[in-house]
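The next block is final.txt, given as compact mmCIF, C-alpha atoms.
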# COMPACT_ATOMS: atom_id res chain seq x y z
CA MET A 9 -60.52 16.25 -24.42
CA GLU A 10 -61.81 17.31 -21.01
CA GLY A 11 -58.97 19.77 -20.82
CA LEU A 12 -59.92 21.39 -24.12
CA GLU A 13 -63.57 21.54 -23.11
CA HIS A 14 -62.60 23.33 -19.91
CA ILE A 15 -60.43 25.78 -21.82
CA LEU A 16 -63.25 26.48 -24.26
CA THR A 17 -65.79 27.16 -21.53
CA GLU A 18 -63.33 29.57 -19.89
CA HIS A 19 -62.80 31.47 -23.16
CA PRO A 20 -64.90 34.68 -23.33
CA PHE A 21 -66.20 33.72 -26.76
CA PHE A 22 -68.04 30.72 -25.30
CA ALA A 23 -69.43 32.48 -22.23
CA GLY A 24 -72.94 31.13 -21.57
CA PHE A 25 -72.52 28.09 -23.81
CA SER A 26 -74.34 24.97 -22.58
CA ALA A 27 -72.28 21.98 -21.48
CA GLU A 28 -73.72 19.96 -24.34
CA HIS A 29 -72.66 22.51 -26.95
CA SER A 30 -69.24 22.98 -25.37
CA GLN A 31 -68.72 19.25 -25.66
CA LEU A 32 -69.72 19.30 -29.32
CA VAL A 33 -67.28 22.13 -30.12
CA ALA A 34 -64.50 20.55 -28.07
CA GLY A 35 -64.87 17.48 -30.24
CA CYS A 36 -63.71 19.59 -33.21
CA ALA A 37 -60.92 21.42 -31.33
CA ARG A 38 -57.20 21.01 -30.86
CA ASN A 39 -54.34 22.98 -29.34
CA HIS A 40 -51.92 25.05 -31.43
CA ARG A 41 -48.66 26.79 -30.71
CA PHE A 42 -47.30 29.37 -33.15
CA ASN A 43 -43.84 30.87 -32.78
CA ALA A 44 -43.31 34.56 -33.53
CA GLY A 45 -43.27 35.00 -37.30
CA GLU A 46 -45.13 31.77 -37.99
CA TYR A 47 -48.31 32.02 -40.07
CA LEU A 48 -51.65 30.69 -38.85
CA PHE A 49 -52.92 30.86 -42.41
CA ARG A 50 -52.22 32.54 -45.74
CA GLU A 51 -54.54 34.45 -48.05
CA GLY A 52 -56.31 32.18 -50.55
CA GLY A 53 -55.73 29.06 -48.50
CA PRO A 54 -58.62 26.84 -47.37
CA ALA A 55 -60.38 28.26 -44.30
CA ASN A 56 -60.72 24.91 -42.65
CA GLU A 57 -60.15 26.10 -39.07
CA PHE A 58 -60.69 29.15 -36.88
CA PHE A 59 -58.68 30.07 -33.80
CA LEU A 60 -59.40 31.23 -30.27
CA ILE A 61 -56.32 33.00 -28.95
CA ARG A 62 -55.36 31.96 -25.45
CA HIS A 63 -52.13 33.90 -25.27
CA GLY A 64 -50.05 36.01 -27.65
CA ARG A 65 -50.80 38.33 -30.57
CA VAL A 66 -51.70 37.75 -34.19
CA ALA A 67 -51.42 40.29 -37.03
CA LEU A 68 -53.78 40.20 -39.98
CA GLU A 69 -51.95 41.32 -43.12
CA ILE A 70 -52.64 42.12 -46.74
CA VAL A 71 -49.82 41.99 -49.25
CA SER A 72 -49.68 44.01 -52.42
CA PRO A 73 -47.07 42.96 -55.02
CA GLY A 74 -43.84 44.89 -54.66
CA GLN A 75 -44.84 46.43 -51.32
CA THR A 76 -44.27 45.49 -47.73
CA PRO A 77 -47.25 43.79 -46.03
CA ILE A 78 -49.80 46.12 -44.44
CA VAL A 79 -51.03 45.09 -41.00
CA PHE A 80 -54.66 46.16 -40.70
CA GLU A 81 -55.56 44.54 -37.39
CA THR A 82 -53.96 42.75 -34.49
CA LEU A 83 -55.81 40.32 -32.25
CA GLY A 84 -54.85 39.17 -28.79
CA GLU A 85 -55.85 37.06 -25.84
CA GLY A 86 -59.53 36.19 -25.73
CA GLN A 87 -60.15 37.09 -29.36
CA ILE A 88 -61.10 35.08 -32.43
CA VAL A 89 -59.01 34.78 -35.58
CA GLY A 90 -60.85 33.92 -38.77
CA ALA A 91 -64.40 34.17 -40.04
CA SER A 92 -63.93 32.91 -43.59
CA TRP A 93 -64.78 29.39 -42.46
CA LEU A 94 -68.41 30.58 -42.17
CA VAL A 95 -68.88 31.71 -45.75
CA PRO A 96 -68.37 29.73 -48.99
CA PRO A 97 -65.97 29.26 -50.71
CA TYR A 98 -64.20 28.99 -47.32
CA ARG A 99 -60.94 30.68 -48.35
CA TRP A 100 -58.87 33.03 -46.20
CA MET A 101 -59.01 36.69 -47.25
CA SER A 102 -55.77 37.74 -45.53
CA ASP A 103 -52.61 36.38 -43.96
CA ALA A 104 -52.49 35.82 -40.19
CA ARG A 105 -49.04 35.95 -38.61
CA ALA A 106 -48.08 35.37 -34.99
CA VAL A 107 -46.34 38.55 -33.77
CA ALA A 108 -45.25 36.83 -30.57
CA LEU A 109 -45.41 33.28 -29.28
CA THR A 110 -49.11 32.50 -29.56
CA ARG A 111 -51.12 29.69 -28.07
CA ALA A 112 -54.56 29.07 -29.53
CA ILE A 113 -57.35 26.58 -29.79
CA GLY A 114 -58.09 25.67 -33.40
CA VAL A 115 -61.61 24.52 -34.24
CA ASP A 116 -62.00 22.33 -37.32
CA ALA A 117 -64.43 24.16 -39.58
CA ALA A 118 -65.84 21.22 -41.56
CA CYS A 119 -66.40 19.30 -38.33
CA LEU A 120 -68.19 22.24 -36.70
CA ARG A 121 -70.23 23.12 -39.79
CA ASN A 122 -71.51 19.54 -39.92
CA LYS A 123 -72.48 19.68 -36.25
CA CYS A 124 -74.22 23.03 -36.80
CA GLU A 125 -76.20 21.56 -39.71
CA THR A 126 -77.25 18.67 -37.52
CA ASP A 127 -78.00 20.78 -34.45
CA HIS A 128 -79.41 24.16 -35.48
CA HIS A 129 -79.46 25.35 -31.87
CA LEU A 130 -75.69 24.97 -31.85
CA GLY A 131 -75.53 26.78 -35.21
CA TYR A 132 -77.63 29.63 -33.84
CA GLU A 133 -75.45 29.93 -30.72
CA MET A 134 -72.36 30.09 -32.93
CA MET A 135 -73.95 32.76 -35.15
CA LYS A 136 -74.97 34.81 -32.10
CA ARG A 137 -71.31 34.87 -31.10
CA PHE A 138 -69.80 35.49 -34.50
CA LEU A 139 -72.18 38.15 -35.77
CA PRO A 140 -71.28 40.79 -33.12
CA ILE A 141 -67.60 40.21 -33.87
CA LEU A 142 -68.20 40.75 -37.57
CA VAL A 143 -70.22 43.91 -36.88
CA GLN A 144 -67.55 45.29 -34.52
CA ARG A 145 -64.86 44.64 -37.11
CA LEU A 146 -66.94 46.26 -39.84
CA ASP A 147 -67.42 49.35 -37.65
CA ALA A 148 -63.70 49.45 -36.88
CA THR A 149 -62.88 49.15 -40.57
CA ARG A 150 -65.16 52.11 -41.32
CA LEU A 151 -63.32 54.18 -38.75
CA GLN A 152 -59.95 53.18 -40.21
CA LEU A 153 -61.13 54.07 -43.73
CA LEU A 154 -62.15 57.54 -42.54
CA ASP A 155 -58.50 58.23 -41.69
CA VAL A 156 -59.67 60.50 -38.87
CA TYR A 157 -56.15 61.46 -37.77
CA GLY A 158 -55.14 62.68 -41.21
CA LYS A 159 -55.06 66.34 -42.22
CA ARG A 160 -58.35 67.62 -43.56
CA MET B 28 -62.70 75.33 -10.63
CA ALA B 29 -62.05 77.38 -13.77
CA ALA B 30 -59.12 79.75 -13.26
CA ALA B 31 -59.78 83.45 -13.68
CA PRO B 32 -58.47 84.83 -16.95
CA TYR B 33 -56.89 88.24 -17.27
CA PRO B 34 -59.05 91.21 -16.23
CA ASP B 35 -59.59 92.10 -19.89
CA PRO B 36 -60.12 88.75 -21.57
CA LEU B 37 -60.12 90.30 -25.03
CA ALA B 38 -56.65 91.87 -24.74
CA PRO B 39 -53.78 89.55 -25.67
CA GLN B 40 -50.79 89.56 -23.33
CA LEU B 41 -47.26 89.41 -24.64
CA TYR B 42 -45.51 86.06 -24.20
CA ARG B 43 -42.08 84.86 -25.24
CA VAL B 44 -41.40 81.49 -26.83
CA GLY B 45 -39.02 79.39 -24.76
CA ARG B 46 -38.12 75.85 -25.72
CA VAL B 47 -39.44 74.54 -29.04
CA ARG B 48 -39.80 70.84 -29.75
CA ARG B 49 -40.58 69.53 -33.22
CA GLU B 50 -42.82 66.58 -32.31
CA LEU B 51 -43.77 65.42 -35.81
CA ALA B 52 -43.27 66.71 -39.35
CA ASP B 53 -46.28 69.02 -38.94
CA THR B 54 -46.57 69.32 -35.16
CA THR B 55 -44.62 71.51 -32.76
CA THR B 56 -44.68 72.03 -29.01
CA LEU B 57 -43.92 75.50 -27.68
CA GLU B 58 -43.22 76.70 -24.15
CA LEU B 59 -44.60 80.20 -23.59
CA ALA B 60 -43.71 82.47 -20.67
CA PRO B 61 -45.24 85.89 -19.99
CA VAL B 62 -42.91 88.77 -20.79
CA THR B 63 -44.03 90.46 -17.57
CA GLY B 64 -45.70 89.06 -14.48
CA PRO B 65 -46.56 85.50 -13.50
CA ARG B 66 -48.25 82.95 -15.69
CA PRO B 67 -51.97 82.67 -14.88
CA THR B 68 -53.07 79.44 -13.27
CA PHE B 69 -55.10 76.96 -15.31
CA GLU B 70 -57.02 73.73 -14.93
CA PRO B 71 -56.32 70.64 -17.08
CA GLY B 72 -58.49 70.80 -20.17
CA GLN B 73 -58.55 74.58 -20.60
CA PHE B 74 -57.29 76.43 -23.65
CA ASN B 75 -55.64 79.70 -24.61
CA MET B 76 -56.15 81.92 -27.63
CA LEU B 77 -52.77 82.23 -29.34
CA TYR B 78 -52.22 85.25 -31.56
CA ALA B 79 -49.60 85.12 -34.30
CA PHE B 80 -49.03 88.81 -34.84
CA GLY B 81 -50.31 90.01 -38.18
CA VAL B 82 -51.71 86.62 -39.09
CA GLY B 83 -54.52 85.74 -36.71
CA GLU B 84 -55.65 84.03 -33.54
CA ILE B 85 -56.62 80.41 -32.81
CA ALA B 86 -57.70 78.37 -29.80
CA ILE B 87 -55.13 75.83 -28.65
CA SER B 88 -55.48 73.56 -25.62
CA ILE B 89 -52.89 73.75 -22.90
CA SER B 90 -50.83 70.56 -22.99
CA GLY B 91 -48.33 71.04 -20.17
CA ALA B 92 -48.37 70.51 -16.42
CA ALA B 93 -50.34 72.92 -14.24
CA ASP B 94 -47.30 73.51 -12.01
CA ALA B 95 -44.92 74.37 -14.85
CA ALA B 96 -43.59 77.93 -15.01
CA HIS B 97 -44.80 78.37 -18.56
CA PHE B 98 -47.72 77.41 -20.77
CA VAL B 99 -47.11 74.47 -23.06
CA HIS B 100 -48.98 74.24 -26.35
CA THR B 101 -48.77 71.59 -29.04
CA VAL B 102 -49.73 73.01 -32.42
CA ARG B 103 -50.36 71.18 -35.66
CA ASN B 104 -49.76 73.08 -38.85
CA VAL B 105 -53.13 72.92 -40.59
CA GLY B 106 -53.76 76.52 -41.66
CA ALA B 107 -52.26 79.99 -41.96
CA VAL B 108 -52.32 80.82 -38.22
CA SER B 109 -51.22 77.42 -36.95
CA ALA B 110 -48.46 77.39 -39.60
CA ALA B 111 -47.22 80.78 -38.37
CA ILE B 112 -47.26 79.61 -34.73
CA ALA B 113 -45.64 76.26 -35.53
CA LYS B 114 -42.76 78.12 -37.25
CA LEU B 115 -41.94 80.31 -34.24
CA GLU B 116 -38.46 79.95 -32.83
CA ALA B 117 -37.20 80.41 -29.28
CA GLY B 118 -37.14 84.09 -28.35
CA ALA B 119 -40.04 85.08 -30.60
CA THR B 120 -43.08 86.80 -29.12
CA ILE B 121 -46.72 85.84 -29.37
CA GLY B 122 -50.03 87.11 -27.99
CA VAL B 123 -51.89 84.99 -25.48
CA ARG B 124 -55.41 85.33 -24.06
CA GLY B 125 -56.66 82.94 -21.45
CA PRO B 126 -56.92 80.45 -20.00
CA PHE B 127 -60.55 79.82 -20.93
CA GLY B 128 -63.14 77.09 -20.71
CA THR B 129 -64.08 74.13 -18.58
CA SER B 130 -61.73 71.47 -17.28
CA TRP B 131 -61.40 67.71 -16.95
CA PRO B 132 -63.06 66.25 -13.80
CA VAL B 133 -59.81 65.31 -12.08
CA VAL B 134 -61.20 66.13 -8.63
CA ALA B 135 -64.58 64.40 -9.11
CA ALA B 136 -62.77 61.30 -10.39
CA GLN B 137 -60.83 60.79 -7.17
CA GLY B 138 -61.45 57.34 -5.75
CA ALA B 139 -62.63 55.95 -9.08
CA ASP B 140 -60.88 54.29 -12.02
CA VAL B 141 -59.81 56.77 -14.69
CA LEU B 142 -59.78 55.89 -18.35
CA PHE B 143 -58.06 58.29 -20.75
CA VAL B 144 -58.93 57.68 -24.39
CA ALA B 145 -57.04 59.81 -26.89
CA GLY B 146 -56.78 59.83 -30.64
CA GLY B 147 -54.08 61.61 -32.64
CA LEU B 148 -53.49 65.17 -31.46
CA GLY B 149 -56.23 64.60 -28.85
CA LEU B 150 -53.53 63.42 -26.49
CA ALA B 151 -52.38 67.03 -26.09
CA PRO B 152 -55.49 68.38 -24.26
CA LEU B 153 -55.56 65.25 -22.09
CA ARG B 154 -51.91 65.43 -21.09
CA PRO B 155 -52.35 67.98 -18.25
CA ALA B 156 -55.02 65.72 -16.73
CA ILE B 157 -52.74 62.69 -17.10
CA TYR B 158 -49.95 64.64 -15.37
CA HIS B 159 -52.35 65.58 -12.57
CA VAL B 160 -53.59 62.02 -12.02
CA LEU B 161 -50.08 60.56 -12.12
CA ALA B 162 -48.83 63.23 -9.70
CA ASN B 163 -51.65 62.30 -7.31
CA ARG B 164 -51.69 58.59 -8.15
CA PRO B 165 -52.80 57.23 -4.71
CA ARG B 166 -56.05 59.21 -4.96
CA TYR B 167 -57.29 57.20 -7.94
CA GLY B 168 -58.20 53.59 -8.69
CA ARG B 169 -56.92 51.97 -11.85
CA VAL B 170 -55.49 54.39 -14.39
CA VAL B 171 -55.75 53.36 -18.01
CA ILE B 172 -54.42 55.31 -21.00
CA LEU B 173 -55.60 54.24 -24.46
CA PHE B 174 -54.09 56.06 -27.42
CA GLY B 175 -54.74 55.69 -31.12
CA SER B 176 -52.61 57.07 -33.89
CA ARG B 177 -52.64 56.95 -37.68
CA ASN B 178 -49.38 54.99 -37.92
CA PRO B 179 -46.27 54.51 -35.76
CA LYS B 180 -44.36 57.46 -37.21
CA ASP B 181 -47.22 59.92 -36.52
CA MET B 182 -47.36 59.05 -32.83
CA LEU B 183 -47.44 62.14 -30.61
CA TYR B 184 -45.35 62.27 -27.39
CA ARG B 185 -43.87 58.86 -28.19
CA ARG B 186 -41.03 59.14 -25.69
CA GLU B 187 -43.43 60.12 -22.92
CA LEU B 188 -45.78 57.25 -23.77
CA GLU B 189 -42.84 54.90 -23.36
CA GLN B 190 -42.02 56.46 -19.98
CA TRP B 191 -45.61 56.02 -18.80
CA ARG B 192 -45.49 52.42 -19.99
CA GLN B 193 -42.62 51.76 -17.58
CA ARG B 194 -44.85 52.62 -14.61
CA LEU B 195 -46.40 49.69 -12.83
CA ASP B 196 -49.41 51.70 -11.69
CA VAL B 197 -50.67 52.66 -15.16
CA ASP B 198 -52.11 50.42 -17.87
CA ILE B 199 -51.30 51.85 -21.26
CA GLU B 200 -52.29 50.53 -24.67
CA VAL B 201 -51.33 52.17 -27.93
CA THR B 202 -52.78 51.26 -31.29
CA VAL B 203 -52.32 52.47 -34.85
CA ASP B 204 -54.72 52.37 -37.78
CA HIS B 205 -52.14 50.85 -40.11
CA ALA B 206 -48.60 49.56 -39.78
CA ASP B 207 -46.03 47.49 -41.57
CA ALA B 208 -44.66 44.21 -40.28
CA ASP B 209 -41.93 45.96 -38.22
CA TRP B 210 -44.55 47.27 -35.77
CA HIS B 211 -45.12 44.80 -32.95
CA GLY B 212 -47.85 46.70 -31.14
CA ASN B 213 -51.62 46.84 -31.61
CA VAL B 214 -53.19 47.60 -34.96
CA GLY B 215 -56.83 48.64 -35.01
CA VAL B 216 -58.96 51.50 -33.79
CA VAL B 217 -58.72 52.89 -30.28
CA PRO B 218 -62.36 52.21 -29.23
CA ALA B 219 -61.71 48.49 -29.78
CA LEU B 220 -59.15 48.60 -26.95
CA ILE B 221 -61.80 49.51 -24.39
CA ARG B 222 -63.21 46.02 -24.05
CA ARG B 223 -59.70 44.56 -23.74
CA VAL B 224 -58.51 46.51 -20.69
CA ALA B 225 -59.31 45.94 -17.05
CA PHE B 226 -61.30 48.65 -15.27
CA ASP B 227 -64.52 48.87 -13.31
CA PRO B 228 -67.06 50.35 -15.73
CA HIS B 229 -69.46 51.03 -12.85
CA ASP B 230 -66.93 53.15 -10.96
CA SER B 231 -64.95 54.88 -13.68
CA PHE B 232 -64.54 58.26 -15.26
CA ALA B 233 -63.73 58.29 -18.97
CA LEU B 234 -61.91 61.33 -20.38
CA VAL B 235 -61.98 61.31 -24.16
CA CYS B 236 -60.34 63.56 -26.74
CA GLY B 237 -59.79 63.12 -30.45
CA PRO B 238 -61.52 63.61 -33.78
CA GLU B 239 -65.29 63.76 -33.30
CA VAL B 240 -65.95 60.54 -35.24
CA MET B 241 -63.44 58.71 -33.07
CA MET B 242 -65.16 60.11 -29.94
CA ARG B 243 -68.56 58.89 -31.19
CA PHE B 244 -67.24 55.35 -31.60
CA THR B 245 -65.49 55.62 -28.22
CA VAL B 246 -68.66 56.73 -26.41
CA SER B 247 -70.51 53.81 -27.97
CA ALA B 248 -67.84 51.36 -26.79
CA LEU B 249 -67.77 52.88 -23.28
CA ARG B 250 -71.54 52.66 -22.93
CA ALA B 251 -71.50 49.07 -24.19
CA GLU B 252 -69.11 48.28 -21.34
CA GLY B 253 -71.45 49.91 -18.83
CA VAL B 254 -69.90 53.34 -18.27
CA VAL B 255 -72.74 55.76 -17.57
CA SER B 256 -73.16 58.93 -19.63
CA ASP B 257 -72.58 61.33 -16.75
CA ARG B 258 -69.10 59.89 -16.22
CA ILE B 259 -67.99 60.29 -19.82
CA TYR B 260 -66.30 63.61 -20.62
CA LEU B 261 -65.36 64.81 -24.09
CA SER B 262 -63.27 67.72 -25.27
CA MET B 263 -65.18 69.38 -28.09
CA GLU B 264 -63.78 71.54 -30.82
CA ARG B 265 -65.47 74.33 -32.76
CA ASN B 266 -64.32 77.53 -34.40
CA MET B 267 -63.64 79.77 -31.40
CA LYS B 268 -63.14 83.52 -31.78
CA CYS B 269 -63.95 85.59 -28.69
CA ALA B 270 -63.48 82.67 -26.24
CA ILE B 271 -65.89 84.21 -23.71
CA GLY B 272 -69.29 83.29 -25.13
CA LEU B 273 -70.09 86.59 -26.82
CA CYS B 274 -69.56 86.14 -30.54
CA GLY B 275 -71.38 82.84 -31.11
CA HIS B 276 -68.87 81.37 -33.55
CA CYS B 277 -68.48 78.21 -31.47
CA GLN B 278 -72.17 77.65 -30.83
CA PHE B 279 -72.94 73.96 -30.37
CA GLY B 280 -76.71 73.67 -30.13
CA PRO B 281 -77.76 75.51 -26.97
CA VAL B 282 -74.22 75.93 -25.64
CA PHE B 283 -70.95 77.63 -26.55
CA VAL B 284 -67.89 75.43 -26.72
CA CYS B 285 -65.62 78.26 -25.52
CA LYS B 286 -67.36 78.85 -22.19
CA ASP B 287 -69.54 75.73 -21.65
CA GLY B 288 -66.70 73.57 -22.99
CA PRO B 289 -64.35 72.54 -24.37
CA VAL B 290 -64.70 69.72 -21.80
CA MET B 291 -68.32 68.59 -21.73
CA ARG B 292 -70.09 65.84 -19.87
CA PHE B 293 -71.61 63.47 -22.40
CA ASP B 294 -75.11 63.33 -20.91
CA LYS B 295 -75.38 67.11 -21.36
CA ILE B 296 -74.80 66.88 -25.11
CA ALA B 297 -75.95 63.34 -25.90
CA GLU B 298 -79.01 64.53 -27.83
CA ILE B 299 -77.00 66.69 -30.22
CA PHE B 300 -73.62 64.98 -30.24
CA ALA B 301 -74.13 63.00 -33.42
CA MET B 302 -76.52 65.45 -35.06
CA ARG B 303 -74.96 66.55 -38.33
CA GLU B 304 -76.99 69.80 -38.51
CA ILE B 305 -75.44 71.08 -35.26
Rewrite the coordinates I just gave you, this time as structure tokens.
Amino acid sequence: MEGLEHILTEHPFFAGFSAEHSQLVAGCARNHRFNAGEYLFREGGPANEFFLIRHGRVALEIVSPGQTPIVFETLGEGQIVGASWLVPPYRWMSDARAVALTRAIGVDAACLRNKCETDHHLGYEMMKRFLPILVQRLDATRLQLLDVYGKR
Amino acid sequence: MAAAPYPDPLAPQLYRVGRVRRELADTTTLELAPVTGPRPTFEPGQFNMLYAFGVGEIAISISGAADAAHFVHTVRNVGAVSAAIAKLEAGATIGVRGPFGTSWPVVAAQGADVLFVAGGLGLAPLRPAIYHVLANRPRYGRVVILFGSRNPKDMLYRRELEQWRQRLDVDIEVTVDHADADWHGNVGVVPALIRRVAFDPHDSFALVCGPEVMMRFTVSALRAEGVVSDRIYLSMERNMKCAIGLCGHCQFGPVFVCKDGPVMRFDKIAEIFAMREI
């Protein structure tokens, strides 16, 4: 467990986290290894974990029947995969596939949500870290939707 | 540093099309050599006015190396004039005025990290500056090239990007807005790459070219990382006609893009950059 706690404190997402909070999160965390092509999660499945990528690359995909999957974002080292664990009904809204061998820390969502309910300071620290990510991804999505490189 | 244009900047000179490369379905690169006399010198970032005889004239950035014997222009077929130019074959003639405008700060950036951020066809105006920096590599700190494209098949200069990727002294990241599962590179917008690459934001020059919306997001990401406004340079685009600041077609607030640009330092235009009425 000490090893995981150390890894978490080194991860950019947890920069500035107190030792007490790092310990609480580490208590919900475990190591994962995904081979290239393996899925971290599938659309519609329970969002019972989120992932901090330590190494590798993950593609977020949407599939439309009869068409090949569309990759709309890739995430790499130091980034977070998954925000659906924050919002009921806690179901994934896309597929996440490892493009290359990927090592990640998975954080159990139910475990962490319970700790956040008990310790609102921890909950606030988590929200302060997740909200900028959500805003950045919303901004990026806007830019993608504009199709700025297309012919006008 | 701007090179002197021809004595009469309003009189097109006759050039002959040399090699033609079809880059993409709608994008062509042409080599142009003067029919008589030497090619004028130019600075990376400058543009020429290209005249398709009988059709019209448009401003196109120079996209080749400053030491090449000819001008290189990459043209995307988006209208009557660009379509006529993009269809030219080797041996055809074309009118050229220029070079005009301001240039990328390749001399001022010596000793600092250099971050090139390009989107779509915006890689073309940056390419002469990239050539210059790579040709004088020891004079610069880290060199980072970030390039965003619509999808993998619309990627400009793909072979050259792969060549640059082989260099150990350049960090290059390419991303596309959308891809299918066969693409193993980045997917996402180019400004999002800025926080993922290693450079010293307090001693860097950022050279940015692409659609204006993409540049707005890029400036925001650069400033969030700590790059100061007077070290961010953008290549602006407006409807240029005379190219010497007389006609006013390319007015951008208090400046003219043809003579005060196209390369502009961000702090000089920060107040009007995102103003929709400008």
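In terms of minimum interatomic distance to chain A, B:Asp53 ranks closest within B:Asp294, B:Asp257, B:Asp53, B:Glu116, counting all atoms listed in the file.
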Between B:Glu239, B:Gly253, B:Phe226, B:Asp204, which residue has the minimum interatomic distance to Leu153 of chain A, considering all atoms listed in the file?
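That would be B:Asp204, the residue with the smallest distance to Leu153 of chain A.
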Compute the chain B side of the contact with chain A at 10 Å, counting only C-alpha atoms, and hand it back as a PyMOL selection string.
chain B and resi 53+103-105+146-149+175-178+181+202-219+223+237-241+244+248
In terms of the shortest atom-to-atom distance over only C-alpha atoms, which of A:Ala37, A:Met101, A:Val95, A:Leu109 is closest to Phe138 of chain A?
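Ranking A:Ala37, A:Met101, A:Val95, A:Leu109 by distance to Phe138 of chain A, first place goes to A:Val95.
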Give me, please, the distance in Å between atom CA of Val82 of chain B and atom CA of Ala107 of chain B, quoted to one decimal.
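These two atoms are separated by 7.2 Å.
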I'd like the interatomic distance between atom CA of Leu37 of chain B and atom CA of Met267 of chain B, to a tenth of an Å.
12.8 Å
Selected residue of minimal separation from Ala23 of chain A among A:Glu133, A:Gly74, A:Gly53, A:Leu142, counting all atoms listed in the file:
A:Glu133
Counting only C-alpha atoms, the residue of B:Met182, B:Val170, B:Ala136, B:Val255 that sits nearest His229 of chain B
B:Val255
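Neighbours of Arg121 of chain A closer than or equal to 8 Å, with all atoms listed in the file counted and sequence neighbours fewer than 4 positions away skipped, come out as Ala117, Glu125 and Gly131 of chain A.
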Which distance in Å separates atom CA of Phe283 of chain B and atom CA of Cys236 of chain B, to one decimal?
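Computing the Euclidean distance for atom CA of Phe283 of chain B and atom CA of Cys236 of chain B yields 17.6 Å.
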Which residue out of B:Leu59, B:Phe80, B:Ala139, B:Ala233 has the minimum interatomic distance to Ile172 of chain B when only C-alpha atoms are used?
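The shortest atom-to-atom distance to Ile172 of chain B comes from B:Ala233.
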If you count all atoms listed in the file, which residues fall within 9 Å of Met134 of chain A, apart from same-chain ones fewer than 4 positions away, as an MDAnalysis selection string?
chainID A and resid 22 124 129:130 138:139
Show which residues sit within 9 Å of segment 13-17 of chain A, as a short mmCIF file (atom, residue, chain, number, x, y, z; two decimals) with C-alpha atoms, keeping the file's coordinate frame. Count only C-alpha atoms, and ignore same-chain residues fewer than 2 positions away.
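Produced file part_7.cif, reproduced below:
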data_model
loop_
_atom_site.label_atom_id
_atom_site.label_comp_id
_atom_site.auth_asym_id
_atom_site.auth_seq_id
_atom_site.Cartn_x
_atom_site.Cartn_y
_atom_site.Cartn_z
CA MET A 9 -60.52 16.25 -24.42
CA GLU A 10 -61.81 17.31 -21.01
CA GLY A 11 -58.97 19.77 -20.82
CA HIS A 19 -62.80 31.47 -23.16
CA PRO A 20 -64.90 34.68 -23.33
CA PHE A 21 -66.20 33.72 -26.76
CA PHE A 22 -68.04 30.72 -25.30
CA ALA A 23 -69.43 32.48 -22.23
CA GLY A 24 -72.94 31.13 -21.57
CA PHE A 25 -72.52 28.09 -23.81
CA SER A 26 -74.34 24.97 -22.58
CA ALA A 27 -72.28 21.98 -21.48
CA SER A 30 -69.24 22.98 -25.37
CA GLN A 31 -68.72 19.25 -25.66
CA VAL A 33 -67.28 22.13 -30.12
CA ALA A 34 -64.50 20.55 -28.07
CA GLY A 35 -64.87 17.48 -30.24
CA ALA A 37 -60.92 21.42 -31.33
CA LEU A 60 -59.40 31.23 -30.27
CA ARG A 62 -55.36 31.96 -25.45
CA ILE A 113 -57.35 26.58 -29.79
#
Near-Gly128 of chain B list (9 Å; all atoms listed in the file; drop same-chain fewer than 5 positions) as a short mmCIF file (atom, residue, chain, number, x, y, z; two decimals) with C-alpha atoms, in the frame of the given file:
data_model
loop_
_atom_site.label_atom_id
_atom_site.label_comp_id
_atom_site.auth_asym_id
_atom_site.auth_seq_id
_atom_site.Cartn_x
_atom_site.Cartn_y
_atom_site.Cartn_z
CA ALA B 29 -62.05 77.38 -13.77
CA ALA B 30 -59.12 79.75 -13.26
CA GLY B 72 -58.49 70.80 -20.17
CA GLN B 73 -58.55 74.58 -20.60
CA PHE B 74 -57.29 76.43 -23.65
CA ASN B 75 -55.64 79.70 -24.61
CA ALA B 270 -63.48 82.67 -26.24
CA ILE B 271 -65.89 84.21 -23.71
CA VAL B 284 -67.89 75.43 -26.72
CA CYS B 285 -65.62 78.26 -25.52
CA LYS B 286 -67.36 78.85 -22.19
CA ASP B 287 -69.54 75.73 -21.65
CA GLY B 288 -66.70 73.57 -22.99
CA PRO B 289 -64.35 72.54 -24.37
CA VAL B 290 -64.70 69.72 -21.80
#
Selection near segment 61-68 of chain B, 12 Å with all atoms listed in the file, sequence-local residues under 6 positions removed, as a ChimeraX atom specification:
/B:28-34,39-45,74-75,89,91-99,118-127
